[in-house]
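K.L.:
Here you go, structure.txt (compact mmCIF, N, CA, C and O atoms):
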```
# COMPACT_ATOMS: atom_id res chain seq x y z
N MET A 552 0.84 -1.19 0.00
CA MET A 552 0.00 0.00 0.00
C MET A 552 0.88 1.24 0.00
O MET A 552 1.91 1.28 0.66
N ILE A 553 0.45 2.26 -0.74
CA ILE A 553 1.14 3.54 -0.75
C ILE A 553 0.53 4.40 0.36
O ILE A 553 -0.69 4.56 0.42
N LYS A 554 1.39 4.93 1.20
CA LYS A 554 0.94 5.82 2.28
C LYS A 554 1.47 7.21 2.00
O LYS A 554 2.68 7.42 1.92
N VAL A 555 0.55 8.15 1.86
CA VAL A 555 0.89 9.55 1.61
C VAL A 555 0.66 10.31 2.91
O VAL A 555 -0.43 10.23 3.49
N THR A 556 1.67 11.04 3.34
CA THR A 556 1.55 11.89 4.52
C THR A 556 1.87 13.32 4.10
O THR A 556 2.92 13.57 3.50
N VAL A 557 0.95 14.22 4.41
CA VAL A 557 1.10 15.63 4.04
C VAL A 557 1.27 16.44 5.31
O VAL A 557 0.49 16.30 6.25
N ASN A 558 2.28 17.29 5.33
CA ASN A 558 2.51 18.19 6.46
C ASN A 558 2.04 19.59 6.06
O ASN A 558 2.45 20.10 5.02
N ARG A 559 1.19 20.14 6.90
CA ARG A 559 0.67 21.49 6.64
C ARG A 559 1.08 22.44 7.76
O ARG A 559 1.12 22.05 8.92
N THR A 560 1.32 23.69 7.37
CA THR A 560 1.55 24.77 8.31
C THR A 560 0.58 25.87 7.95
O THR A 560 0.57 26.31 6.78
N GLN A 561 -0.24 26.27 8.87
CA GLN A 561 -1.26 27.30 8.64
C GLN A 561 -2.10 26.97 7.40
O GLN A 561 -2.41 27.84 6.59
N GLY A 562 -2.42 25.69 7.25
CA GLY A 562 -3.27 25.24 6.16
C GLY A 562 -2.57 24.97 4.84
O GLY A 562 -3.15 24.41 3.93
N ASN A 563 -1.31 25.36 4.72
CA ASN A 563 -0.57 25.18 3.48
C ASN A 563 0.38 23.99 3.56
O ASN A 563 1.00 23.75 4.58
N ILE A 564 0.51 23.27 2.45
CA ILE A 564 1.41 22.13 2.39
C ILE A 564 2.85 22.63 2.36
O ILE A 564 3.22 23.42 1.47
N ASP A 565 3.66 22.20 3.32
CA ASP A 565 5.08 22.56 3.30
C ASP A 565 5.97 21.34 3.10
O ASP A 565 7.16 21.47 2.86
N ALA A 566 5.38 20.13 3.17
CA ALA A 566 6.13 18.91 2.92
C ALA A 566 5.16 17.76 2.68
O ALA A 566 4.01 17.82 3.10
N PHE A 567 5.65 16.74 1.98
CA PHE A 567 4.86 15.51 1.83
C PHE A 567 5.81 14.33 1.74
O PHE A 567 6.99 14.48 1.41
N GLU A 568 5.27 13.16 2.05
CA GLU A 568 6.04 11.93 2.01
C GLU A 568 5.18 10.83 1.42
O GLU A 568 4.01 10.70 1.77
N LEU A 569 5.75 10.07 0.50
CA LEU A 569 5.09 8.88 -0.06
C LEU A 569 5.95 7.68 0.30
O LEU A 569 7.17 7.73 0.13
N ARG A 570 5.30 6.62 0.77
CA ARG A 570 6.02 5.45 1.24
C ARG A 570 5.26 4.19 0.80
O ARG A 570 4.06 4.13 0.96
N GLY A 571 5.98 3.23 0.25
CA GLY A 571 5.40 1.94 -0.08
C GLY A 571 5.07 1.78 -1.55
O GLY A 571 5.33 2.65 -2.39
N HIS A 572 4.49 0.63 -1.85
CA HIS A 572 4.09 0.27 -3.21
C HIS A 572 2.62 -0.12 -3.21
O HIS A 572 2.13 -0.68 -2.23
N ALA A 573 1.95 0.14 -4.30
CA ALA A 573 0.52 -0.19 -4.38
C ALA A 573 0.30 -1.69 -4.42
O ALA A 573 -0.62 -2.22 -3.80
N ASP A 574 1.13 -2.42 -5.16
CA ASP A 574 0.99 -3.87 -5.31
C ASP A 574 -0.42 -4.25 -5.78
O ASP A 574 -0.96 -5.26 -5.35
N SER A 575 -0.99 -3.44 -6.67
CA SER A 575 -2.33 -3.76 -7.18
C SER A 575 -2.28 -4.85 -8.24
O SER A 575 -3.25 -5.59 -8.41
N VAL A 576 -1.18 -4.95 -8.96
CA VAL A 576 -0.94 -6.01 -9.94
C VAL A 576 0.57 -6.26 -9.97
O VAL A 576 1.32 -5.66 -9.22
N SER A 577 1.01 -7.12 -10.86
CA SER A 577 2.43 -7.45 -10.91
C SER A 577 3.27 -6.22 -11.28
O SER A 577 2.80 -5.30 -11.95
N GLU A 578 4.53 -6.26 -10.84
CA GLU A 578 5.45 -5.16 -11.06
C GLU A 578 5.56 -4.84 -12.55
O GLU A 578 5.61 -5.72 -13.40
N GLY A 579 5.59 -3.55 -12.84
CA GLY A 579 5.69 -3.12 -14.23
C GLY A 579 4.34 -2.85 -14.88
O GLY A 579 4.28 -2.26 -15.96
N TYR A 580 3.27 -3.31 -14.25
CA TYR A 580 1.92 -3.12 -14.81
C TYR A 580 0.99 -2.42 -13.82
O TYR A 580 -0.20 -2.37 -14.05
N ASP A 581 1.54 -1.91 -12.76
CA ASP A 581 0.75 -1.33 -11.68
C ASP A 581 0.37 0.11 -12.01
O ASP A 581 1.17 1.03 -11.84
N LEU A 582 -0.86 0.31 -12.46
CA LEU A 582 -1.31 1.64 -12.86
C LEU A 582 -1.48 2.58 -11.67
O LEU A 582 -1.29 3.79 -11.81
N VAL A 583 -1.81 2.05 -10.50
CA VAL A 583 -1.94 2.89 -9.32
C VAL A 583 -0.58 3.48 -8.97
O VAL A 583 -0.43 4.69 -8.76
N CYS A 584 0.42 2.62 -8.92
CA CYS A 584 1.78 3.07 -8.60
C CYS A 584 2.28 4.05 -9.66
O CYS A 584 2.85 5.09 -9.33
N ALA A 585 2.02 3.75 -10.92
CA ALA A 585 2.45 4.64 -12.00
C ALA A 585 1.75 6.00 -11.90
O ALA A 585 2.38 7.05 -12.09
N GLY A 586 0.47 5.99 -11.59
CA GLY A 586 -0.27 7.23 -11.45
C GLY A 586 0.23 8.09 -10.32
O GLY A 586 0.45 9.30 -10.47
N VAL A 587 0.43 7.47 -9.16
CA VAL A 587 0.93 8.20 -7.99
C VAL A 587 2.33 8.75 -8.28
O VAL A 587 2.64 9.90 -7.95
N SER A 588 3.16 7.94 -8.91
CA SER A 588 4.52 8.39 -9.25
C SER A 588 4.48 9.57 -10.22
O SER A 588 5.18 10.56 -10.03
N ALA A 589 3.67 9.46 -11.25
CA ALA A 589 3.58 10.54 -12.25
C ALA A 589 3.09 11.84 -11.62
O ALA A 589 3.65 12.91 -11.86
N VAL A 590 2.07 11.73 -10.79
CA VAL A 590 1.51 12.93 -10.14
C VAL A 590 2.54 13.56 -9.20
O VAL A 590 2.77 14.77 -9.23
N SER A 591 3.16 12.75 -8.35
CA SER A 591 4.07 13.30 -7.35
C SER A 591 5.36 13.85 -7.97
O SER A 591 5.77 14.96 -7.67
N PHE A 592 5.99 13.07 -8.87
CA PHE A 592 7.22 13.56 -9.50
C PHE A 592 6.94 14.74 -10.42
O PHE A 592 7.74 15.67 -10.49
N GLY A 593 5.81 14.72 -11.11
CA GLY A 593 5.43 15.85 -11.93
C GLY A 593 5.24 17.11 -11.10
O GLY A 593 5.65 18.21 -11.51
N SER A 594 4.66 16.97 -9.93
CA SER A 594 4.45 18.12 -9.05
C SER A 594 5.77 18.65 -8.51
O SER A 594 5.99 19.87 -8.45
N VAL A 595 6.66 17.76 -8.12
CA VAL A 595 7.98 18.19 -7.64
C VAL A 595 8.71 18.93 -8.76
O VAL A 595 9.28 20.00 -8.55
N ASN A 596 8.68 18.37 -9.97
CA ASN A 596 9.34 19.03 -11.11
C ASN A 596 8.71 20.39 -11.42
O ASN A 596 9.41 21.34 -11.78
N ALA A 597 7.39 20.49 -11.28
CA ALA A 597 6.71 21.77 -11.51
C ALA A 597 7.13 22.80 -10.46
O ALA A 597 7.36 23.97 -10.80
N VAL A 598 7.23 22.38 -9.21
CA VAL A 598 7.68 23.30 -8.15
C VAL A 598 9.09 23.80 -8.47
O VAL A 598 9.37 25.00 -8.38
N ILE A 599 9.98 22.89 -8.85
CA ILE A 599 11.36 23.28 -9.17
C ILE A 599 11.39 24.26 -10.34
O ILE A 599 12.03 25.31 -10.26
N SER A 600 10.68 23.94 -11.40
CA SER A 600 10.73 24.74 -12.62
C SER A 600 9.97 26.06 -12.50
O SER A 600 10.50 27.12 -12.82
N LEU A 601 8.74 26.00 -12.05
CA LEU A 601 7.89 27.19 -12.05
C LEU A 601 8.14 28.12 -10.88
O LEU A 601 7.86 29.32 -10.97
N CYS A 602 8.66 27.58 -9.79
CA CYS A 602 8.96 28.42 -8.62
C CYS A 602 10.44 28.78 -8.54
O CYS A 602 10.85 29.50 -7.63
N GLU A 603 11.22 28.24 -9.47
CA GLU A 603 12.66 28.52 -9.53
C GLU A 603 13.33 28.34 -8.18
O GLU A 603 13.91 29.27 -7.62
N MET A 604 13.22 27.12 -7.66
CA MET A 604 13.82 26.80 -6.36
C MET A 604 14.19 25.34 -6.31
O MET A 604 13.76 24.56 -7.15
N GLU A 605 14.97 24.99 -5.33
CA GLU A 605 15.35 23.60 -5.09
C GLU A 605 14.76 23.17 -3.75
O GLU A 605 15.28 23.53 -2.69
N PRO A 606 13.68 22.40 -3.76
CA PRO A 606 13.15 21.89 -2.50
C PRO A 606 14.09 20.82 -1.93
O PRO A 606 14.99 20.33 -2.63
N ILE A 607 13.88 20.46 -0.71
CA ILE A 607 14.64 19.40 -0.06
C ILE A 607 13.96 18.09 -0.45
O ILE A 607 12.78 17.89 -0.18
N ILE A 608 14.71 17.21 -1.12
CA ILE A 608 14.14 15.98 -1.66
C ILE A 608 14.92 14.77 -1.15
O ILE A 608 16.16 14.79 -1.15
N GLU A 609 14.18 13.76 -0.71
CA GLU A 609 14.78 12.47 -0.34
C GLU A 609 14.07 11.39 -1.15
O GLU A 609 12.85 11.42 -1.28
N GLN A 610 14.85 10.46 -1.70
CA GLN A 610 14.29 9.35 -2.45
C GLN A 610 14.95 8.05 -2.00
O GLN A 610 16.10 8.05 -1.56
N ALA A 611 14.21 6.94 -2.16
CA ALA A 611 14.78 5.64 -1.87
C ALA A 611 15.71 5.24 -3.00
O ALA A 611 15.67 5.82 -4.09
N GLY A 612 16.49 4.25 -2.76
CA GLY A 612 17.44 3.75 -3.76
C GLY A 612 16.76 2.97 -4.85
O GLY A 612 15.67 3.31 -5.31
N GLU A 613 17.38 1.87 -5.26
CA GLU A 613 16.90 1.07 -6.38
C GLU A 613 15.50 0.51 -6.17
O GLU A 613 14.75 0.31 -7.12
N GLU A 614 15.14 0.20 -4.95
CA GLU A 614 13.84 -0.39 -4.67
C GLU A 614 12.69 0.59 -4.87
O GLU A 614 11.56 0.20 -5.08
N GLY A 615 12.98 1.88 -4.78
CA GLY A 615 11.94 2.88 -4.92
C GLY A 615 10.97 2.82 -3.76
O GLY A 615 11.26 2.30 -2.70
N GLY A 616 9.80 3.38 -3.98
CA GLY A 616 8.78 3.33 -2.94
C GLY A 616 8.92 4.37 -1.85
O GLY A 616 8.24 4.29 -0.83
N TYR A 617 9.77 5.37 -2.05
CA TYR A 617 9.89 6.43 -1.05
C TYR A 617 10.23 7.74 -1.73
O TYR A 617 11.17 7.82 -2.53
N LEU A 618 9.47 8.78 -1.40
CA LEU A 618 9.75 10.14 -1.87
C LEU A 618 9.30 11.10 -0.78
O LEU A 618 8.18 10.99 -0.26
N ARG A 619 10.18 12.01 -0.43
CA ARG A 619 9.83 13.07 0.52
C ARG A 619 10.30 14.39 -0.07
O ARG A 619 11.41 14.47 -0.60
N MET A 620 9.44 15.39 -0.01
CA MET A 620 9.79 16.72 -0.48
C MET A 620 9.38 17.74 0.57
O MET A 620 8.29 17.64 1.14
N GLU A 621 10.26 18.68 0.83
CA GLU A 621 9.98 19.75 1.80
C GLU A 621 10.39 21.07 1.17
O GLU A 621 11.45 21.18 0.54
N LEU A 622 9.54 22.07 1.34
CA LEU A 622 9.87 23.40 0.84
C LEU A 622 10.90 24.04 1.76
O LEU A 622 10.80 23.92 2.98
N PRO A 623 11.89 24.73 1.19
CA PRO A 623 12.85 25.44 2.05
C PRO A 623 12.16 26.59 2.77
O PRO A 623 11.14 27.11 2.31
N GLU A 624 12.71 26.98 3.89
CA GLU A 624 12.08 28.02 4.72
C GLU A 624 12.30 29.43 4.19
O GLU A 624 11.52 30.33 4.47
N ASP A 625 13.34 29.63 3.40
CA ASP A 625 13.72 30.98 3.00
C ASP A 625 13.12 31.41 1.65
O ASP A 625 13.76 32.09 0.87
N LEU A 626 11.87 31.05 1.40
CA LEU A 626 11.22 31.41 0.14
C LEU A 626 10.53 32.76 0.23
O LEU A 626 10.02 33.14 1.30
N THR A 627 10.46 33.44 -0.90
CA THR A 627 9.67 34.67 -0.94
C THR A 627 8.19 34.29 -0.85
O THR A 627 7.81 33.15 -1.12
N ASP A 628 7.37 35.25 -0.49
CA ASP A 628 5.93 35.00 -0.40
C ASP A 628 5.37 34.55 -1.75
O ASP A 628 4.50 33.68 -1.81
N GLU A 629 5.86 35.13 -2.84
CA GLU A 629 5.38 34.78 -4.17
C GLU A 629 5.72 33.32 -4.51
O GLU A 629 4.87 32.57 -5.00
N LYS A 630 6.94 32.91 -4.22
CA LYS A 630 7.34 31.52 -4.50
C LYS A 630 6.58 30.54 -3.62
O LYS A 630 6.19 29.47 -4.07
N LYS A 631 6.37 30.91 -2.37
CA LYS A 631 5.59 30.05 -1.46
C LYS A 631 4.17 29.86 -1.99
O LYS A 631 3.65 28.76 -2.01
N ALA A 632 3.56 30.96 -2.41
CA ALA A 632 2.18 30.89 -2.90
C ALA A 632 2.09 29.99 -4.13
O ALA A 632 1.17 29.17 -4.25
N LYS A 633 3.04 30.11 -5.06
CA LYS A 633 3.05 29.27 -6.26
C LYS A 633 3.23 27.80 -5.87
O LYS A 633 2.53 26.93 -6.38
N ALA A 634 4.19 27.55 -4.99
CA ALA A 634 4.47 26.16 -4.58
C ALA A 634 3.27 25.56 -3.87
O ALA A 634 2.91 24.40 -4.13
N HIS A 635 2.63 26.32 -3.00
CA HIS A 635 1.46 25.82 -2.29
C HIS A 635 0.34 25.46 -3.26
O HIS A 635 -0.32 24.43 -3.10
N LEU A 636 0.13 26.28 -4.26
CA LEU A 636 -0.91 26.01 -5.25
C LEU A 636 -0.59 24.74 -6.05
O LEU A 636 -1.46 23.89 -6.25
N LEU A 637 0.65 24.58 -6.45
CA LEU A 637 1.05 23.38 -7.19
C LEU A 637 0.88 22.13 -6.33
O LEU A 637 0.41 21.09 -6.81
N LEU A 638 1.23 22.21 -5.06
CA LEU A 638 1.11 21.06 -4.18
C LEU A 638 -0.36 20.75 -3.87
O LEU A 638 -0.73 19.58 -3.72
N GLU A 639 -1.20 21.77 -3.81
CA GLU A 639 -2.64 21.51 -3.64
C GLU A 639 -3.19 20.80 -4.88
O GLU A 639 -4.05 19.92 -4.77
N GLY A 640 -2.70 21.17 -6.06
CA GLY A 640 -3.10 20.47 -7.27
C GLY A 640 -2.69 19.01 -7.24
O GLY A 640 -3.44 18.13 -7.66
N MET A 641 -1.48 18.75 -6.72
CA MET A 641 -1.03 17.37 -6.55
C MET A 641 -1.99 16.61 -5.64
O MET A 641 -2.37 15.47 -5.93
N MET A 642 -2.41 17.25 -4.56
CA MET A 642 -3.31 16.58 -3.61
C MET A 642 -4.65 16.25 -4.25
O MET A 642 -5.21 15.18 -4.00
N VAL A 643 -5.18 17.13 -5.07
CA VAL A 643 -6.44 16.85 -5.77
C VAL A 643 -6.28 15.58 -6.61
O VAL A 643 -7.14 14.70 -6.60
N SER A 644 -5.17 15.48 -7.33
CA SER A 644 -4.93 14.29 -8.16
C SER A 644 -4.76 13.04 -7.32
O SER A 644 -5.31 11.98 -7.65
N LEU A 645 -4.00 13.13 -6.23
CA LEU A 645 -3.80 11.95 -5.37
C LEU A 645 -5.12 11.53 -4.71
O LEU A 645 -5.40 10.33 -4.57
N GLU A 646 -5.93 12.50 -4.30
CA GLU A 646 -7.22 12.18 -3.70
C GLU A 646 -8.16 11.51 -4.71
O GLU A 646 -8.95 10.64 -4.34
N THR A 647 -8.06 11.90 -5.96
CA THR A 647 -8.85 11.26 -7.01
C THR A 647 -8.44 9.80 -7.17
O THR A 647 -9.28 8.91 -7.27
N ILE A 648 -7.13 9.55 -7.17
CA ILE A 648 -6.64 8.17 -7.24
C ILE A 648 -7.11 7.38 -6.02
O ILE A 648 -7.59 6.25 -6.14
N ALA A 649 -7.01 7.99 -4.84
CA ALA A 649 -7.42 7.30 -3.60
C ALA A 649 -8.92 7.01 -3.60
O ALA A 649 -9.35 5.97 -3.08
N ARG A 650 -9.71 7.89 -4.16
CA ARG A 650 -11.15 7.68 -4.20
C ARG A 650 -11.48 6.42 -5.02
O ARG A 650 -12.35 5.64 -4.66
N ASP A 651 -10.77 6.23 -6.12
CA ASP A 651 -11.05 5.09 -6.99
C ASP A 651 -10.28 3.83 -6.61
O ASP A 651 -10.71 2.73 -6.95
N TYR A 652 -9.15 3.99 -5.94
CA TYR A 652 -8.28 2.85 -5.62
C TYR A 652 -7.84 2.88 -4.16
O TYR A 652 -6.69 2.62 -3.84
N GLY A 653 -8.77 3.17 -3.27
CA GLY A 653 -8.49 3.31 -1.85
C GLY A 653 -7.90 2.08 -1.19
O GLY A 653 -7.30 2.16 -0.13
N LYS A 654 -8.05 0.95 -1.83
CA LYS A 654 -7.47 -0.29 -1.31
C LYS A 654 -5.93 -0.27 -1.39
O LYS A 654 -5.26 -1.00 -0.70
N TYR A 655 -5.40 0.61 -2.25
CA TYR A 655 -3.97 0.61 -2.53
C TYR A 655 -3.26 1.89 -2.11
O TYR A 655 -2.03 1.96 -2.20
N ILE A 656 -4.00 2.91 -1.65
CA ILE A 656 -3.38 4.18 -1.27
C ILE A 656 -4.18 4.82 -0.14
O ILE A 656 -5.41 4.82 -0.17
N THR A 657 -3.45 5.36 0.86
CA THR A 657 -4.09 6.12 1.93
C THR A 657 -3.40 7.49 2.01
O THR A 657 -2.21 7.62 1.70
N ILE A 658 -4.18 8.47 2.42
CA ILE A 658 -3.66 9.83 2.56
C ILE A 658 -3.99 10.32 3.96
O ILE A 658 -5.12 10.22 4.41
N SER A 659 -2.96 10.86 4.64
CA SER A 659 -3.18 11.45 5.97
C SER A 659 -2.47 12.80 6.02
O SER A 659 -1.55 13.06 5.25
N GLU A 660 -2.93 13.64 6.93
CA GLU A 660 -2.35 14.97 7.09
C GLU A 660 -1.90 15.16 8.52
O GLU A 660 -2.52 14.67 9.45
N LYS A 661 -0.82 15.91 8.66
CA LYS A 661 -0.29 16.27 9.99
C LYS A 661 -0.46 17.75 10.20
O LYS A 661 -0.36 18.53 9.29
```
Mind turning the file's structure into structure tokens?
P.N.:
Amino acid sequence: MIKVTVNRTQGNIDAFELRGHADSVSEGYDLVCAGVSAVSFGSVNAVISLCEMEPIIEQAGEEGGYLRMELPEDLTDEKKAKAHLLLEGMMVSLETIARDYGKYITISEK
């Protein structure tokens, strides 16, 4: 199961963590895992490109199944606002996946 944990400060996402594998079908054919990966990595890449910043990123090695991203503290208000909006968009997509495939993904907030 993929476990998504979102950290919020004053209602805004400042970090998120994805852990685990969906295991909905055999490796290489898992659409849930592929969807979650595409949404999360696409969002991280959008934050980097559109907000012109380098977030703090941790990834697992060859096995995969782990991604953590945290926004740096020294961002301008404009960059924070853009990053927060992009991360909220990521959450909408992840929640859509969870609604249809809740057996394979859970989302919690701190």
K.L.:
Using all atoms listed in the file, find the one residue out of A:Glu660, A:Val583, A:Ile599, A:Ser575 that sits nearest to A:Ile648.
P.N.:
A:Val583
K.L.:
Would you mind listing, for every residue of stretch 585-606 of chain A within 8 Å of stretch 620-627 of chain A, the two atoms forming the shortest contact and the distance between them in Å to one decimal, using all atoms listed in the file, sorted by chain and ascending residue number, as a Markdown table?
P.N.:
```
| residue | atom | partner | partner_atom | distance |
| --- | --- | --- | --- | --- |
| A:Val595 | CA | A:Met620 | CA | 7.5 |
| A:Cys602 | O | A:Thr627 | N | 7.8 |
| A:Met604 | C | A:Pro623 | N | 7.9 |
| A:Glu605 | O | A:Pro623 | N | 5.3 |
| A:Pro606 | CA | A:Glu621 | O | 3.6 |
```
K.L.:
Okay, now the selection with N, CA, C and O atoms, as a short mmCIF file (atom, residue, chain, number, x, y, z; two decimals), in the frame of the given file?
P.N.:
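Below you can see again-v5.cif, which holds the result:
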```
data_model
loop_
_atom_site.label_atom_id
_atom_site.label_comp_id
_atom_site.auth_asym_id
_atom_site.auth_seq_id
_atom_site.Cartn_x
_atom_site.Cartn_y
_atom_site.Cartn_z
N VAL A 595 6.66 17.76 -8.12
CA VAL A 595 7.98 18.19 -7.64
C VAL A 595 8.71 18.93 -8.76
O VAL A 595 9.28 20.00 -8.55
N CYS A 602 8.66 27.58 -9.79
CA CYS A 602 8.96 28.42 -8.62
C CYS A 602 10.44 28.78 -8.54
O CYS A 602 10.85 29.50 -7.63
N MET A 604 13.22 27.12 -7.66
CA MET A 604 13.82 26.80 -6.36
C MET A 604 14.19 25.34 -6.31
O MET A 604 13.76 24.56 -7.15
N GLU A 605 14.97 24.99 -5.33
CA GLU A 605 15.35 23.60 -5.09
C GLU A 605 14.76 23.17 -3.75
O GLU A 605 15.28 23.53 -2.69
N PRO A 606 13.68 22.40 -3.76
CA PRO A 606 13.15 21.89 -2.50
C PRO A 606 14.09 20.82 -1.93
O PRO A 606 14.99 20.33 -2.63
#
```
K.L.:
List the spatial neighbours of A:Ile564 as a list in words - criterion: any atom at most 7 Å away, all atoms listed in the file, same-chain residues fewer than 2 positions off excluded.
P.N.:
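Returned residues: Val557, Asn558, Arg559, Thr560, Gln561, Gly562, Ala566, Phe567, Leu622, Lys631, Ala634, His635, Leu638 and Glu639 of chain A.
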K.L.:
Could those selected residues go to a file with N, CA, C and O atoms, as an mmCIF file, in the frame of the given file?
P.N.:
```cif
data_model
loop_
_atom_site.group_PDB
_atom_site.id
_atom_site.type_symbol
_atom_site.label_atom_id
_atom_site.label_comp_id
_atom_site.auth_asym_id
_atom_site.auth_seq_id
_atom_site.Cartn_x
_atom_site.Cartn_y
_atom_site.Cartn_z
ATOM 1 N N VAL A 557 0.950 14.220 4.410
ATOM 2 C CA VAL A 557 1.100 15.630 4.040
ATOM 3 C C VAL A 557 1.270 16.440 5.310
ATOM 4 O O VAL A 557 0.490 16.300 6.250
ATOM 5 N N ASN A 558 2.280 17.290 5.330
ATOM 6 C CA ASN A 558 2.510 18.190 6.460
ATOM 7 C C ASN A 558 2.040 19.590 6.060
ATOM 8 O O ASN A 558 2.450 20.100 5.020
ATOM 9 N N ARG A 559 1.190 20.140 6.900
ATOM 10 C CA ARG A 559 0.670 21.490 6.640
ATOM 11 C C ARG A 559 1.080 22.440 7.760
ATOM 12 O O ARG A 559 1.120 22.050 8.920
ATOM 13 N N THR A 560 1.320 23.690 7.370
ATOM 14 C CA THR A 560 1.550 24.770 8.310
ATOM 15 C C THR A 560 0.580 25.870 7.950
ATOM 16 O O THR A 560 0.570 26.310 6.780
ATOM 17 N N GLN A 561 -0.240 26.270 8.870
ATOM 18 C CA GLN A 561 -1.260 27.300 8.640
ATOM 19 C C GLN A 561 -2.100 26.970 7.400
ATOM 20 O O GLN A 561 -2.410 27.840 6.590
ATOM 21 N N GLY A 562 -2.420 25.690 7.250
ATOM 22 C CA GLY A 562 -3.270 25.240 6.160
ATOM 23 C C GLY A 562 -2.570 24.970 4.840
ATOM 24 O O GLY A 562 -3.150 24.410 3.930
ATOM 25 N N ALA A 566 5.380 20.130 3.170
ATOM 26 C CA ALA A 566 6.130 18.910 2.920
ATOM 27 C C ALA A 566 5.160 17.760 2.680
ATOM 28 O O ALA A 566 4.010 17.820 3.100
ATOM 29 N N PHE A 567 5.650 16.740 1.980
ATOM 30 C CA PHE A 567 4.860 15.510 1.830
ATOM 31 C C PHE A 567 5.810 14.330 1.740
ATOM 32 O O PHE A 567 6.990 14.480 1.410
ATOM 33 N N LEU A 622 9.540 22.070 1.340
ATOM 34 C CA LEU A 622 9.870 23.400 0.840
ATOM 35 C C LEU A 622 10.900 24.040 1.760
ATOM 36 O O LEU A 622 10.800 23.920 2.980
ATOM 37 N N LYS A 631 6.370 30.910 -2.370
ATOM 38 C CA LYS A 631 5.590 30.050 -1.460
ATOM 39 C C LYS A 631 4.170 29.860 -1.990
ATOM 40 O O LYS A 631 3.650 28.760 -2.010
ATOM 41 N N ALA A 634 4.190 27.550 -4.990
ATOM 42 C CA ALA A 634 4.470 26.160 -4.580
ATOM 43 C C ALA A 634 3.270 25.560 -3.870
ATOM 44 O O ALA A 634 2.910 24.400 -4.130
ATOM 45 N N HIS A 635 2.630 26.320 -3.000
ATOM 46 C CA HIS A 635 1.460 25.820 -2.290
ATOM 47 C C HIS A 635 0.340 25.460 -3.260
ATOM 48 O O HIS A 635 -0.320 24.430 -3.100
ATOM 49 N N LEU A 638 1.230 22.210 -5.060
ATOM 50 C CA LEU A 638 1.110 21.060 -4.180
ATOM 51 C C LEU A 638 -0.360 20.750 -3.870
ATOM 52 O O LEU A 638 -0.730 19.580 -3.720
ATOM 53 N N GLU A 639 -1.200 21.770 -3.810
ATOM 54 C CA GLU A 639 -2.640 21.510 -3.640
ATOM 55 C C GLU A 639 -3.190 20.800 -4.880
ATOM 56 O O GLU A 639 -4.050 19.920 -4.770
#
```
K.L.:
Please identify the alpha helix (DSSP H) residues within stretch 581-611 of chain A (assignment by DSSP from backbone atoms) and present them as a list in words.
P.N.:
Leu582, Val583, Cys584, Ala585, Gly586, Val587, Ser588, Ala589, Val590, Ser591, Phe592, Gly593, Ser594, Val595, Asn596, Ala597, Val598, Ile599, Ser600, Leu601 and Cys602 of chain A
K.L.:
Neighbours of A:Ser591 within 10 Å (only C-alpha atoms; same-chain residues fewer than 5 positions away dropped), as a ChimeraX atom specification?
P.N.:
/A:567-569,585-586,596-597,618-620,638,641-642,644-645
K.L.:
Those residues with N, CA, C and O atoms, as a compact mmCIF listing (two decimals), in the coordinates of the input please?
P.N.:
```txt
# COMPACT_ATOMS: atom_id res chain seq x y z
N PHE A 567 5.65 16.74 1.98
CA PHE A 567 4.86 15.51 1.83
C PHE A 567 5.81 14.33 1.74
O PHE A 567 6.99 14.48 1.41
N GLU A 568 5.27 13.16 2.05
CA GLU A 568 6.04 11.93 2.01
C GLU A 568 5.18 10.83 1.42
O GLU A 568 4.01 10.70 1.77
N LEU A 569 5.75 10.07 0.50
CA LEU A 569 5.09 8.88 -0.06
C LEU A 569 5.95 7.68 0.30
O LEU A 569 7.17 7.73 0.13
N ALA A 585 2.02 3.75 -10.92
CA ALA A 585 2.45 4.64 -12.00
C ALA A 585 1.75 6.00 -11.90
O ALA A 585 2.38 7.05 -12.09
N GLY A 586 0.47 5.99 -11.59
CA GLY A 586 -0.27 7.23 -11.45
C GLY A 586 0.23 8.09 -10.32
O GLY A 586 0.45 9.30 -10.47
N ASN A 596 8.68 18.37 -9.97
CA ASN A 596 9.34 19.03 -11.11
C ASN A 596 8.71 20.39 -11.42
O ASN A 596 9.41 21.34 -11.78
N ALA A 597 7.39 20.49 -11.28
CA ALA A 597 6.71 21.77 -11.51
C ALA A 597 7.13 22.80 -10.46
O ALA A 597 7.36 23.97 -10.80
N LEU A 618 9.47 8.78 -1.40
CA LEU A 618 9.75 10.14 -1.87
C LEU A 618 9.30 11.10 -0.78
O LEU A 618 8.18 10.99 -0.26
N ARG A 619 10.18 12.01 -0.43
CA ARG A 619 9.83 13.07 0.52
C ARG A 619 10.30 14.39 -0.07
O ARG A 619 11.41 14.47 -0.60
N MET A 620 9.44 15.39 -0.01
CA MET A 620 9.79 16.72 -0.48
C MET A 620 9.38 17.74 0.57
O MET A 620 8.29 17.64 1.14
N LEU A 638 1.23 22.21 -5.06
CA LEU A 638 1.11 21.06 -4.18
C LEU A 638 -0.36 20.75 -3.87
O LEU A 638 -0.73 19.58 -3.72
N MET A 641 -1.48 18.75 -6.72
CA MET A 641 -1.03 17.37 -6.55
C MET A 641 -1.99 16.61 -5.64
O MET A 641 -2.37 15.47 -5.93
N MET A 642 -2.41 17.25 -4.56
CA MET A 642 -3.31 16.58 -3.61
C MET A 642 -4.65 16.25 -4.25
O MET A 642 -5.21 15.18 -4.00
N SER A 644 -5.17 15.48 -7.33
CA SER A 644 -4.93 14.29 -8.16
C SER A 644 -4.76 13.04 -7.32
O SER A 644 -5.31 11.98 -7.65
N LEU A 645 -4.00 13.13 -6.23
CA LEU A 645 -3.80 11.95 -5.37
C LEU A 645 -5.12 11.53 -4.71
O LEU A 645 -5.40 10.33 -4.57
```
K.L.:
To one decimal in Å, tell me the separation between atom CA of A:Ala573 and atom CA of A:Leu637.
P.N.:
23.7 Å
K.L.:
Pull the strand (DSSP E) assignments for chain A out of DSSP run on the backbone, and list those residues as a ChimeraX atom specification.
P.N.:
/A:553-560,563-570,607-610,617-621,656-660
K.L.:
Suppose you want the space between atom CA of A:Ile607 and atom CA of A:Gly593; what is it in Å?
P.N.:
15.4 Å
